[in-house]
file work24.pdb (PDB, C-alpha atoms, pLDDT in the B column)
ATOM      1  CA  MET P 205     -15.270  -9.337  22.903  1.00 50.00           C
ATOM      2  CA  ARG P 206     -18.182  -7.581  21.201  1.00 47.00           C
ATOM      3  CA  ALA P 207     -16.386  -4.222  21.456  1.00 50.00           C
ATOM      4  CA  GLN P 208     -13.214  -5.691  19.942  1.00 49.00           C
ATOM      5  CA  ARG P 209     -15.206  -7.228  17.110  1.00 46.00           C
ATOM      6  CA  MET P 210     -16.817  -3.854  16.404  1.00 45.00           C
ATOM      7  CA  GLN P 211     -13.397  -2.161  16.355  1.00 50.00           C
ATOM      8  CA  ARG P 212     -12.219  -4.612  13.700  1.00 47.00           C
ATOM      9  CA  THR P 213     -15.449  -4.359  11.683  1.00 45.00           C
ATOM     10  CA  LEU P 214     -15.981  -0.593  11.534  1.00 42.00           C
ATOM     11  CA  PRO P 215     -12.892   0.261   9.410  1.00 46.00           C
ATOM     12  CA  SER P 216     -13.893  -2.442   6.940  1.00 46.00           C
ATOM     13  CA  LEU P 217     -17.446  -1.078   6.747  1.00 44.00           C
ATOM     14  CA  VAL P 218     -16.119   2.441   6.162  1.00 42.00           C
ATOM     15  CA  LEU P 219     -13.964   1.212   3.281  1.00 46.00           C
ATOM     16  CA  ARG P 220     -16.881  -0.652   1.735  1.00 49.00           C
ATOM     17  CA  LEU P 221     -18.992   2.502   1.915  1.00 44.00           C
ATOM     18  CA  LEU P 222     -16.123   4.334   0.219  1.00 47.00           C
ATOM     19  CA  PHE P 223     -16.203   1.831  -2.647  1.00 46.00           C
ATOM     20  CA  LEU P 224     -19.981   2.118  -2.935  1.00 46.00           C
ATOM     21  CA  CYS P 225     -19.811   5.903  -3.028  1.00 47.00           C
ATOM     22  CA  THR P 226     -17.039   5.884  -5.630  1.00 47.00           C
ATOM     23  CA  VAL P 227     -18.922   3.548  -7.964  1.00 47.00           C
ATOM     24  CA  ALA P 228     -22.315   5.180  -7.495  1.00 44.00           C
ATOM     25  CA  THR P 229     -21.295   8.819  -8.014  1.00 48.00           C
ATOM     26  CA  GLY P 230     -18.795   8.337 -10.846  1.00 60.00           C
ATOM     27  CA  LYS P 231     -17.246  11.695  -9.872  1.00 75.00           C
ATOM     28  CA  CYS P 232     -13.541  12.483  -9.711  1.00 85.00           C
ATOM     29  CA  SER P 233     -11.778  14.340  -6.939  1.00 78.00           C
ATOM     30  CA  GLY P 234      -9.478  17.090  -8.175  1.00 81.00           C
ATOM     31  CA  LYS P 235      -7.285  16.794  -5.078  1.00 89.00           C
ATOM     32  CA  TYR P 236      -4.213  14.627  -5.580  1.00 92.00           C
ATOM     33  CA  HIS P 237      -3.597  13.650  -1.949  1.00 93.00           C
ATOM     34  CA  GLU P 238      -7.262  12.863  -1.320  1.00 94.00           C
ATOM     35  CA  LEU P 239      -7.414  10.648  -4.397  1.00 95.00           C
ATOM     36  CA  LEU P 240      -4.117   8.947  -3.588  1.00 96.00           C
ATOM     37  CA  LEU P 241      -5.301   8.185  -0.045  1.00 96.00           C
ATOM     38  CA  GLN P 242      -8.464   6.585  -1.441  1.00 96.00           C
ATOM     39  CA  LEU P 243      -6.410   4.400  -3.786  1.00 97.00           C
ATOM     40  CA  GLN P 244      -4.109   3.347  -0.941  1.00 97.00           C
ATOM     41  CA  ARG P 245      -7.028   2.392   1.291  1.00 97.00           C
ATOM     42  CA  GLN P 246      -8.764   0.530  -1.491  1.00 97.00           C
ATOM     43  CA  ALA P 247      -5.586  -1.431  -2.240  1.00 97.00           C
ATOM     44  CA  ASP P 248      -5.324  -2.297   1.471  1.00 97.00           C
ATOM     45  CA  LEU P 249      -8.809  -3.777   1.433  1.00 97.00           C
ATOM     46  CA  MET P 250      -8.374  -5.644  -1.844  1.00 98.00           C
ATOM     47  CA  GLN P 251      -5.122  -7.292  -0.769  1.00 98.00           C
ATOM     48  CA  ASP P 252      -6.890  -8.927   2.191  1.00 97.00           C
ATOM     49  CA  PRO P 253      -7.416 -12.667   1.460  1.00 97.00           C
ATOM     50  CA  SER P 254     -10.510 -12.676   3.669  1.00 97.00           C
ATOM     51  CA  THR P 255     -12.356 -10.683   0.991  1.00 96.00           C
ATOM     52  CA  LEU P 256     -11.996 -13.250  -1.798  1.00 97.00           C
ATOM     53  CA  LEU P 257      -9.438 -16.067  -1.486  1.00 97.00           C
ATOM     54  CA  ASP P 258     -10.591 -17.348   1.918  1.00 97.00           C
ATOM     55  CA  PRO P 259     -14.283 -17.536   0.912  1.00 97.00           C
ATOM     56  CA  TYR P 260     -13.250 -19.408  -2.250  1.00 97.00           C
ATOM     57  CA  ILE P 261     -11.150 -21.898  -0.285  1.00 97.00           C
ATOM     58  CA  ARG P 262     -14.003 -22.607   2.142  1.00 96.00           C
ATOM     59  CA  PHE P 263     -16.615 -22.801  -0.616  1.00 97.00           C
ATOM     60  CA  GLN P 264     -14.503 -25.268  -2.630  1.00 96.00           C
ATOM     61  CA  GLY P 265     -13.419 -27.391   0.346  1.00 95.00           C
ATOM     62  CA  LEU P 266      -9.709 -26.592  -0.019  1.00 96.00           C
ATOM     63  CA  GLU P 267      -8.978 -25.926   3.672  1.00 95.00           C
ATOM     64  CA  SER P 268      -6.510 -28.807   3.993  1.00 94.00           C
ATOM     65  CA  PRO P 269      -2.898 -27.564   4.367  1.00 92.00           C
ATOM     66  CA  LYS P 270      -1.794 -30.190   1.839  1.00 92.00           C
ATOM     67  CA  LEU P 271      -4.241 -28.846  -0.734  1.00 92.00           C
ATOM     68  CA  GLN P 272      -3.263 -25.246  -0.061  1.00 89.00           C
ATOM     69  CA  GLU P 273       0.341 -26.121  -0.847  1.00 92.00           C
ATOM     70  CA  HIS P 274      -0.862 -26.461  -4.445  1.00 93.00           C
ATOM     71  CA  CYS P 275      -2.782 -23.180  -4.344  1.00 95.00           C
ATOM     72  CA  ARG P 276       0.048 -21.098  -5.815  1.00 94.00           C
ATOM     73  CA  GLU P 277       0.197 -18.105  -8.094  1.00 95.00           C
ATOM     74  CA  HIS P 278       0.946 -19.150 -11.651  1.00 91.00           C
ATOM     75  CA  PRO P 279       3.963 -17.363 -13.241  1.00 91.00           C
ATOM     76  CA  GLY P 280       2.796 -14.650 -15.598  1.00 90.00           C
ATOM     77  CA  ASP P 281      -0.648 -14.154 -14.086  1.00 92.00           C
ATOM     78  CA  PHE P 282       0.317 -10.833 -12.518  1.00 95.00           C
ATOM     79  CA  PRO P 283       3.253  -8.399 -12.743  1.00 95.00           C
ATOM     80  CA  SER P 284       5.823  -8.535  -9.963  1.00 95.00           C
ATOM     81  CA  GLU P 285       6.271  -5.703  -7.469  1.00 96.00           C
ATOM     82  CA  ASP P 286       9.748  -5.028  -8.872  1.00 96.00           C
ATOM     83  CA  ALA P 287       8.281  -4.605 -12.361  1.00 96.00           C
ATOM     84  CA  LEU P 288       5.657  -2.179 -11.034  1.00 97.00           C
ATOM     85  CA  TRP P 289       8.290   0.002  -9.376  1.00 96.00           C
ATOM     86  CA  ARG P 290      10.109   0.426 -12.712  1.00 96.00           C
ATOM     87  CA  LEU P 291       7.092   1.986 -14.420  1.00 96.00           C
ATOM     88  CA  SER P 292       6.237   5.638 -14.821  1.00 94.00           C
ATOM     89  CA  ARG P 293       3.046   6.663 -13.064  1.00 95.00           C
ATOM     90  CA  GLN P 294       0.919   6.627 -16.201  1.00 94.00           C
ATOM     91  CA  ASP P 295       2.321   3.228 -17.214  1.00 96.00           C
ATOM     92  CA  PHE P 296       1.628   1.943 -13.710  1.00 97.00           C
ATOM     93  CA  LEU P 297      -1.995   3.096 -13.942  1.00 96.00           C
ATOM     94  CA  ARG P 298      -2.371   1.513 -17.376  1.00 95.00           C
ATOM     95  CA  THR P 299      -0.993  -1.754 -15.997  1.00 96.00           C
ATOM     96  CA  LEU P 300      -3.506  -1.667 -13.142  1.00 96.00           C
ATOM     97  CA  ASN P 301      -6.215  -0.950 -15.701  1.00 93.00           C
ATOM     98  CA  VAL P 302      -5.459  -3.990 -17.847  1.00 94.00           C
ATOM     99  CA  THR P 303      -4.780  -6.339 -14.941  1.00 95.00           C
ATOM    100  CA  LEU P 304      -7.961  -5.549 -13.058  1.00 94.00           C
ATOM    101  CA  GLY P 305      -9.938  -5.885 -16.276  1.00 94.00           C
ATOM    102  CA  LEU P 306      -8.732  -9.477 -16.406  1.00 93.00           C
ATOM    103  CA  VAL P 307      -9.662  -9.921 -12.745  1.00 95.00           C
ATOM    104  CA  LEU P 308     -13.208  -8.814 -13.541  1.00 95.00           C
ATOM    105  CA  ARG P 309     -13.416 -11.433 -16.279  1.00 94.00           C
ATOM    106  CA  MET P 310     -12.237 -14.098 -13.875  1.00 94.00           C
ATOM    107  CA  LEU P 311     -14.752 -13.006 -11.244  1.00 95.00           C
ATOM    108  CA  SER P 312     -17.526 -13.268 -13.827  1.00 94.00           C
ATOM    109  CA  ALA P 313     -16.374 -16.799 -14.681  1.00 93.00           C
ATOM    110  CA  LEU P 314     -16.330 -17.745 -10.980  1.00 94.00           C
ATOM    111  CA  LYS P 315     -19.912 -16.755 -10.210  1.00 93.00           C
ATOM    112  CA  GLN P 316     -20.887 -20.352  -9.512  1.00 93.00           C
ATOM    113  CA  ASP P 317     -17.686 -21.101  -7.577  1.00 95.00           C
ATOM    114  CA  LEU P 318     -17.823 -18.337  -4.954  1.00 96.00           C
ATOM    115  CA  PRO P 319     -20.333 -17.275  -2.311  1.00 96.00           C
ATOM    116  CA  GLU P 320     -22.569 -14.713  -3.995  1.00 96.00           C
ATOM    117  CA  ALA P 321     -21.858 -11.980  -1.443  1.00 96.00           C
ATOM    118  CA  ALA P 322     -18.078 -12.349  -1.778  1.00 96.00           C
ATOM    119  CA  GLN P 323     -18.239 -12.356  -5.582  1.00 96.00           C
ATOM    120  CA  GLN P 324     -20.436  -9.260  -5.754  1.00 96.00           C
ATOM    121  CA  GLN P 325     -18.369  -7.361  -3.192  1.00 96.00           C
ATOM    122  CA  ALA P 326     -15.149  -8.190  -5.030  1.00 97.00           C
ATOM    123  CA  GLU P 327     -16.611  -6.881  -8.300  1.00 97.00           C
ATOM    124  CA  MET P 328     -17.692  -3.685  -6.566  1.00 96.00           C
ATOM    125  CA  ASN P 329     -14.199  -3.287  -5.103  1.00 96.00           C
ATOM    126  CA  VAL P 330     -12.547  -3.651  -8.506  1.00 97.00           C
ATOM    127  CA  ARG P 331     -14.959  -1.239 -10.176  1.00 96.00           C
ATOM    128  CA  GLY P 332     -14.515   1.391  -7.469  1.00 95.00           C
ATOM    129  CA  PHE P 333     -10.750   1.067  -7.697  1.00 97.00           C
ATOM    130  CA  GLY P 334     -10.994   1.305 -11.497  1.00 95.00           C
ATOM    131  CA  ASN P 335     -12.919   4.571 -11.266  1.00 95.00           C
ATOM    132  CA  ASN P 336     -10.210   6.083  -9.088  1.00 96.00           C
ATOM    133  CA  ILE P 337      -7.493   4.834 -11.467  1.00 96.00           C
ATOM    134  CA  HIS P 338      -9.315   6.698 -14.237  1.00 94.00           C
ATOM    135  CA  CYS P 339      -9.485   9.844 -12.095  1.00 95.00           C
ATOM    136  CA  MET P 340      -5.806   9.702 -11.154  1.00 95.00           C
ATOM    137  CA  ALA P 341      -4.797   9.260 -14.804  1.00 94.00           C
ATOM    138  CA  GLN P 342      -6.756  12.410 -15.686  1.00 92.00           C
ATOM    139  CA  LEU P 343      -5.229  14.333 -12.824  1.00 93.00           C
ATOM    140  CA  LEU P 344      -1.649  13.373 -13.672  1.00 91.00           C
ATOM    141  CA  ARG P 345      -2.119  14.193 -17.337  1.00 86.00           C
ATOM    142  CA  GLY P 346      -2.740  17.808 -16.416  1.00 78.00           C
ATOM    143  CA  SER P 347       0.054  18.029 -13.836  1.00 65.00           C
ATOM    144  CA  LEU P 348       3.626  19.249 -14.018  1.00 46.00           C
ATOM    145  CA  ASP P 349       4.841  15.948 -12.640  1.00 53.00           C
ATOM    146  CA  PRO P 350       7.752  14.763 -14.839  1.00 49.00           C
ATOM    147  CA  GLU P 351       7.315  11.224 -13.567  1.00 51.00           C
ATOM    148  CA  ALA P 352       3.789  11.118 -14.983  1.00 51.00           C
ATOM    149  CA  ALA P 353       4.969  11.277 -18.584  1.00 44.00           C
ATOM    150  CA  GLU P 354       8.555  10.103 -18.510  1.00 44.00           C
ATOM    151  CA  PRO P 355       9.335   7.502 -21.170  1.00 37.00           C
ATOM    152  CA  THR P 356       9.878   4.019 -19.855  1.00 38.00           C
ATOM    153  CA  GLN P 357      10.343   0.541 -21.158  1.00 40.00           C
ATOM    154  CA  PRO P 358       7.107  -1.215 -22.156  1.00 41.00           C
ATOM    155  CA  GLY P 359       5.019  -2.044 -19.124  1.00 45.00           C
ATOM    156  CA  PRO P 360       4.714  -5.587 -17.758  1.00 49.00           C
ATOM    157  CA  GLY P 361       0.920  -5.585 -17.681  1.00 48.00           C
ATOM    158  CA  PRO P 362      -0.609  -8.860 -18.840  1.00 50.00           C
ATOM    159  CA  THR P 363      -2.311  -9.193 -22.179  1.00 51.00           C
ATOM    160  CA  LEU P 364      -5.348 -11.376 -22.580  1.00 50.00           C
ATOM    161  CA  PRO P 365      -4.072 -14.896 -21.830  1.00 53.00           C
ATOM    162  CA  PRO P 366      -4.924 -17.800 -24.095  1.00 53.00           C
ATOM    163  CA  PRO P 367      -7.827 -19.968 -22.912  1.00 58.00           C
ATOM    164  CA  LEU P 368      -6.842 -22.533 -20.345  1.00 60.00           C
ATOM    165  CA  PRO P 369      -6.590 -26.029 -21.767  1.00 66.00           C
ATOM    166  CA  PRO P 370      -9.211 -28.506 -20.598  1.00 72.00           C
ATOM    167  CA  MET P 371      -8.337 -29.849 -17.164  1.00 77.00           C
ATOM    168  CA  PRO P 372     -10.017 -31.993 -14.524  1.00 88.00           C
ATOM    169  CA  PRO P 373     -12.426 -30.026 -12.293  1.00 89.00           C
ATOM    170  CA  PHE P 374     -10.264 -30.419  -9.200  1.00 91.00           C
ATOM    171  CA  GLN P 375      -7.161 -29.185 -11.011  1.00 92.00           C
ATOM    172  CA  ARG P 376      -9.122 -26.179 -12.220  1.00 92.00           C
ATOM    173  CA  LYS P 377     -10.148 -25.460  -8.623  1.00 94.00           C
ATOM    174  CA  LEU P 378      -6.488 -25.260  -7.652  1.00 94.00           C
ATOM    175  CA  ARG P 379      -5.675 -23.141 -10.694  1.00 94.00           C
ATOM    176  CA  ASN P 380      -8.392 -20.637  -9.799  1.00 95.00           C
ATOM    177  CA  CYS P 381      -7.217 -20.669  -6.196  1.00 96.00           C
ATOM    178  CA  GLY P 382      -3.711 -19.756  -7.323  1.00 96.00           C
ATOM    179  CA  PHE P 383      -5.086 -16.936  -9.489  1.00 96.00           C
ATOM    180  CA  LEU P 384      -6.928 -15.408  -6.534  1.00 97.00           C
ATOM    181  CA  ARG P 385      -3.830 -15.722  -4.356  1.00 97.00           C
ATOM    182  CA  GLY P 386      -1.866 -13.898  -7.039  1.00 97.00           C
ATOM    183  CA  TYR P 387      -4.533 -11.196  -7.183  1.00 97.00           C
ATOM    184  CA  HIS P 388      -4.155 -10.419  -3.485  1.00 98.00           C
ATOM    185  CA  ARG P 389      -0.350 -10.414  -3.812  1.00 98.00           C
ATOM    186  CA  PHE P 390      -0.612  -8.043  -6.778  1.00 98.00           C
ATOM    187  CA  MET P 391      -2.851  -5.645  -4.848  1.00 98.00           C
ATOM    188  CA  ARG P 392      -0.376  -5.684  -1.954  1.00 98.00           C
ATOM    189  CA  ALA P 393       2.402  -4.757  -4.400  1.00 98.00           C
ATOM    190  CA  ALA P 394       0.255  -2.018  -5.960  1.00 98.00           C
ATOM    191  CA  GLY P 395      -0.411  -0.590  -2.508  1.00 97.00           C
ATOM    192  CA  GLN P 396       3.322  -0.434  -1.798  1.00 97.00           C
ATOM    193  CA  VAL P 397       3.915   1.501  -5.023  1.00 97.00           C
ATOM    194  CA  LEU P 398       1.085   3.914  -4.228  1.00 97.00           C
ATOM    195  CA  ARG P 399       2.595   4.555  -0.812  1.00 95.00           C
ATOM    196  CA  GLY P 400       5.861   5.338  -2.549  1.00 94.00           C
ATOM    197  CA  TRP P 401       4.051   8.019  -4.536  1.00 92.00           C
ATOM    198  CA  GLY P 402       2.961   9.687  -1.308  1.00 81.00           C
ATOM    199  CA  GLU P 403       6.463   9.594   0.148  1.00 76.00           C
ATOM    200  CA  ARG P 404       8.019  11.168  -2.943  1.00 65.00           C
ATOM    201  CA  ARG P 405       5.374  13.871  -3.031  1.00 57.00           C
ATOM    202  CA  GLY P 406       6.065  14.662   0.591  1.00 49.00           C
ATOM    203  CA  ARG P 407       9.765  15.238  -0.079  1.00 47.00           C
ATOM    204  CA  SER P 408       9.314  17.560  -3.051  1.00 43.00           C
ATOM    205  CA  ARG P 409       6.992  20.460  -3.756  1.00 40.00           C
ATOM    206  CA  ARG P 410       7.931  20.817  -7.391  1.00 38.00           C
ATOM    207  CA  HIS P 411       5.504  18.005  -8.248  1.00 37.00           C
ATOM    208  CA  SER P 412       2.322  20.006  -7.904  1.00 39.00           C
ATOM    209  CA  PRO P 413      -0.568  18.468  -9.889  1.00 42.00           C
ATOM    210  CA  ARG P 414      -3.087  20.830 -11.436  1.00 40.00           C
ATOM    211  CA  ARG P 415      -6.779  20.194 -11.604  1.00 38.00           C
ATOM    212  CA  ALA P 416      -6.869  18.543 -14.965  1.00 38.00           C
ATOM    213  CA  LEU P 417     -10.530  17.703 -14.560  1.00 39.00           C
ATOM    214  CA  GLN P 418     -11.434  21.400 -14.365  1.00 41.00           C
ATOM    215  CA  ARG P 419      -9.275  22.157 -17.386  1.00 40.00           C
ATOM    216  CA  GLY P 420     -11.194  19.676 -19.542  1.00 40.00           C
ATOM    217  CA  ALA P 421      -8.454  17.098 -19.814  1.00 41.00           C
ATOM    218  CA  ARG P 422      -9.036  14.400 -22.408  1.00 42.00           C
ATOM    219  CA  ARG P 423     -10.763  11.395 -20.873  1.00 44.00           C
ATOM    220  CA  THR P 424      -8.899   8.190 -20.362  1.00 44.00           C
ATOM    221  CA  ARG P 425     -11.197   5.277 -20.786  1.00 51.00           C
ATOM    222  CA  PRO P 426     -11.263   2.940 -17.789  1.00 53.00           C
ATOM    223  CA  PHE P 427     -10.652  -0.719 -18.518  1.00 50.00           C
ATOM    224  CA  PRO P 428     -13.472  -2.023 -20.735  1.00 49.00           C
ATOM    225  CA  GLU P 429     -15.109  -4.144 -18.054  1.00 47.00           C
ATOM    226  CA  VAL P 430     -15.536  -1.100 -15.771  1.00 47.00           C
ATOM    227  CA  ARG P 431     -18.323   1.133 -16.988  1.00 44.00           C
ATOM    228  CA  ARG P 432     -18.514   4.638 -15.536  1.00 45.00           C
ATOM    229  CA  LEU P 433     -21.856   4.998 -13.816  1.00 40.00           C
ATOM    230  CA  THR P 434     -22.769   8.415 -15.236  1.00 40.00           C
ATOM    231  CA  PRO P 435     -26.052   9.258 -16.953  1.00 41.00           C
ATOM    232  CA  ARG P 436     -26.052   8.784 -20.712  1.00 42.00           C
ATOM    233  CA  GLY P 437     -24.918  11.927 -22.501  1.00 45.00           C
ATOM    234  CA  GLN P 438     -23.285  13.404 -19.394  1.00 46.00           C
ATOM    235  CA  LEU P 439     -19.530  13.534 -18.941  1.00 41.00           C
ATOM    236  CA  PRO P 440     -18.041  13.036 -15.476  1.00 42.00           C
ATOM    237  CA  ARG P 441     -17.014  16.223 -13.751  1.00 40.00           C
TER     238      ARG P 441
END
call {"tool": "encode", "arguments": {"input": "work24.pdb", "output": "structure tokens"}}
result
Amino acid sequence: MRAQRMQRTLPSLVLRLLFLCTVATGKCSGKYHELLLQLQRQADLMQDPSTLLDPYIRFQGLESPKLQEHCREHPGDFPSEDALWRLSRQDFLRTLNVTLGLVLRMLSALKQDLPEAAQQQAEMNVRGFGNNIHCMAQLLRGSLDPEAAEPTQPGPGPTLPPPLPPMPPFQRKLRNCGFLRGYHRFMRAAGQVLRGWGERRGRSRRHSPRRALQRGARRTRPFPEVRRLTPRGQLPR
């Protein structure tokens, strides 16, 4: 039993170390496939309800199946998977940028409603993922990939929602629960799209990204809530 538990725990620990390294160094990989693999693995971890939704449910006493029936994603909180597939790559990255910025705001508002360890780990996950979104946007900008810059219809990314109207505390618990459920669903959808990128790259060699970071590509600012952890006055390499 102990060996099986270790087998399940080690991959999760490796991914958490990956997030920590990504946030701490603030450096970008110039290798497309390496960066894409990191994004895919990060999305896999962030879609797991055990990282955020399950701790919230236990902490708020919402384990009852009847209560969880009301823990549903609210329409409009997150883009659908179908909408994500219709975006160009740059539009997809911008949508992730905006959406995860809103997630960070929600996590900040939920500090008193989540176990501290789960809340802090979730913030670290989002920030690490945001750094890699920034890096991928830079890399694609300097590539020959026509899908990176193809014009598309306006993206479905959410804008800042209006403040929630006053509601009873228990109703707000369920509303927050539904938001977190939607977050995990959204990350699952994002992971599917990122896997599609890898499959298309594998079928065609004409999409060969160049090292935009080495060519001094113009920086794309990560979502405002994610601050690049680089020393003041020093640009990321």
call {"tool": "residues_around", "arguments": {"input": "work24.pdb", "residues": "Val397 in chain P", "least_positions_apart": "3", "cutoff": "8 Å", "atoms": "all atoms listed in the file", "output": "VMD selection string"}}
result
chain P and resid 285 288 to 289 393 to 394 400 to 401
call {"tool": "closest_residue", "arguments": {"input": "work24.pdb", "among": "P:His338, P:Arg345, P:Arg293, P:His278", "to": "Phe383 in chain P", "atoms": "only C-alpha atoms"}}
result
P:His278
call {"tool": "resolve_selection", "arguments": {"input": "work24.pdb", "expression": "the PyMOL selection byres ((chain P and resi 264) around 12)", "output": "JSON, numbers by chain"}}
result
{"P": [257, 258, 259, 260, 261, 262, 263, 265, 266, 267, 268, 271, 272, 314, 316, 317, 318, 319, 373, 374, 375, 376, 377, 378, 380, 381]}
call {"tool": "residues_near_point", "arguments": {"input": "work24.pdb", "point": "(3.8, -9.3, -4.5)", "cutoff": "10 Å", "atoms": "all atoms listed in the file", "output": "PyMOL selection string"}}
result
chain P and resi 251+282-286+288+385-396
call {"tool": "closest_residue", "arguments": {"input": "work24.pdb", "among": "P:Leu384, P:Leu304, P:Ala321, P:Leu398", "to": "Leu243 in chain P", "atoms": "all atoms listed in the file"}}
result
P:Leu398
call {"tool": "residues_around", "arguments": {"input": "work24.pdb", "residues": "Gly382 in chain P", "least_positions_apart": "6", "cutoff": "6 Å", "atoms": "all atoms listed in the file", "output": "list in words"}}
result
Cys275, Arg276 and Glu277 of chain P
call {"tool": "closest_residue", "arguments": {"input": "work24.pdb", "among": "P:Leu241, P:Val330, P:Leu291, P:Ala247", "to": "Thr303 in chain P", "atoms": "all atoms listed in the file"}}
result
P:Val330
call {"tool": "atom_distance", "arguments": {"input": "work24.pdb", "atom1": "CA of Val302 in chain P", "atom2": "CA of Ala341 in chain P"}}
result
13.6 Å
call {"tool": "closest_residue", "arguments": {"input": "work24.pdb", "among": "P:Arg379, P:Glu403, P:Lys235, P:Glu327", "to": "His274 in chain P", "atoms": "all atoms listed in the file"}}
result
P:Arg379
call {"tool": "axis_aligned_box", "arguments": {"input": "work24.pdb", "around": "range 265-269 of chain P", "padding_each_side": "5 Å", "output": "AutoDock Vina command-line options"}}
result
--center_x -8.2 --center_y -27.4 --center_z 2.2 --size_x 20.5 --size_y 12.9 --size_z 14.4
call {"tool": "atom_distance", "arguments": {"input": "work24.pdb", "atom1": "CA of Asp295 in chain P", "atom2": "CA of Val307 in chain P"}}
result
18.3 Å
call {"tool": "closest_residue", "arguments": {"input": "work24.pdb", "among": "P:Leu297, P:Ala287, P:Met328, P:Ala322", "to": "Leu344 in chain P", "atoms": "only C-alpha atoms"}}
result
P:Leu297
call {"tool": "atom_distance", "arguments": {"input": "work24.pdb", "atom1": "CA of Leu249 in chain P", "atom2": "CA of Leu311 in chain P"}}
result
16.8 Å
call {"tool": "closest_residue", "arguments": {"input": "work24.pdb", "among": "P:Leu256, P:Leu306, P:Asn301, P:Ser312", "to": "Met340 in chain P", "atoms": "all atoms listed in the file"}}
result
P:Asn301
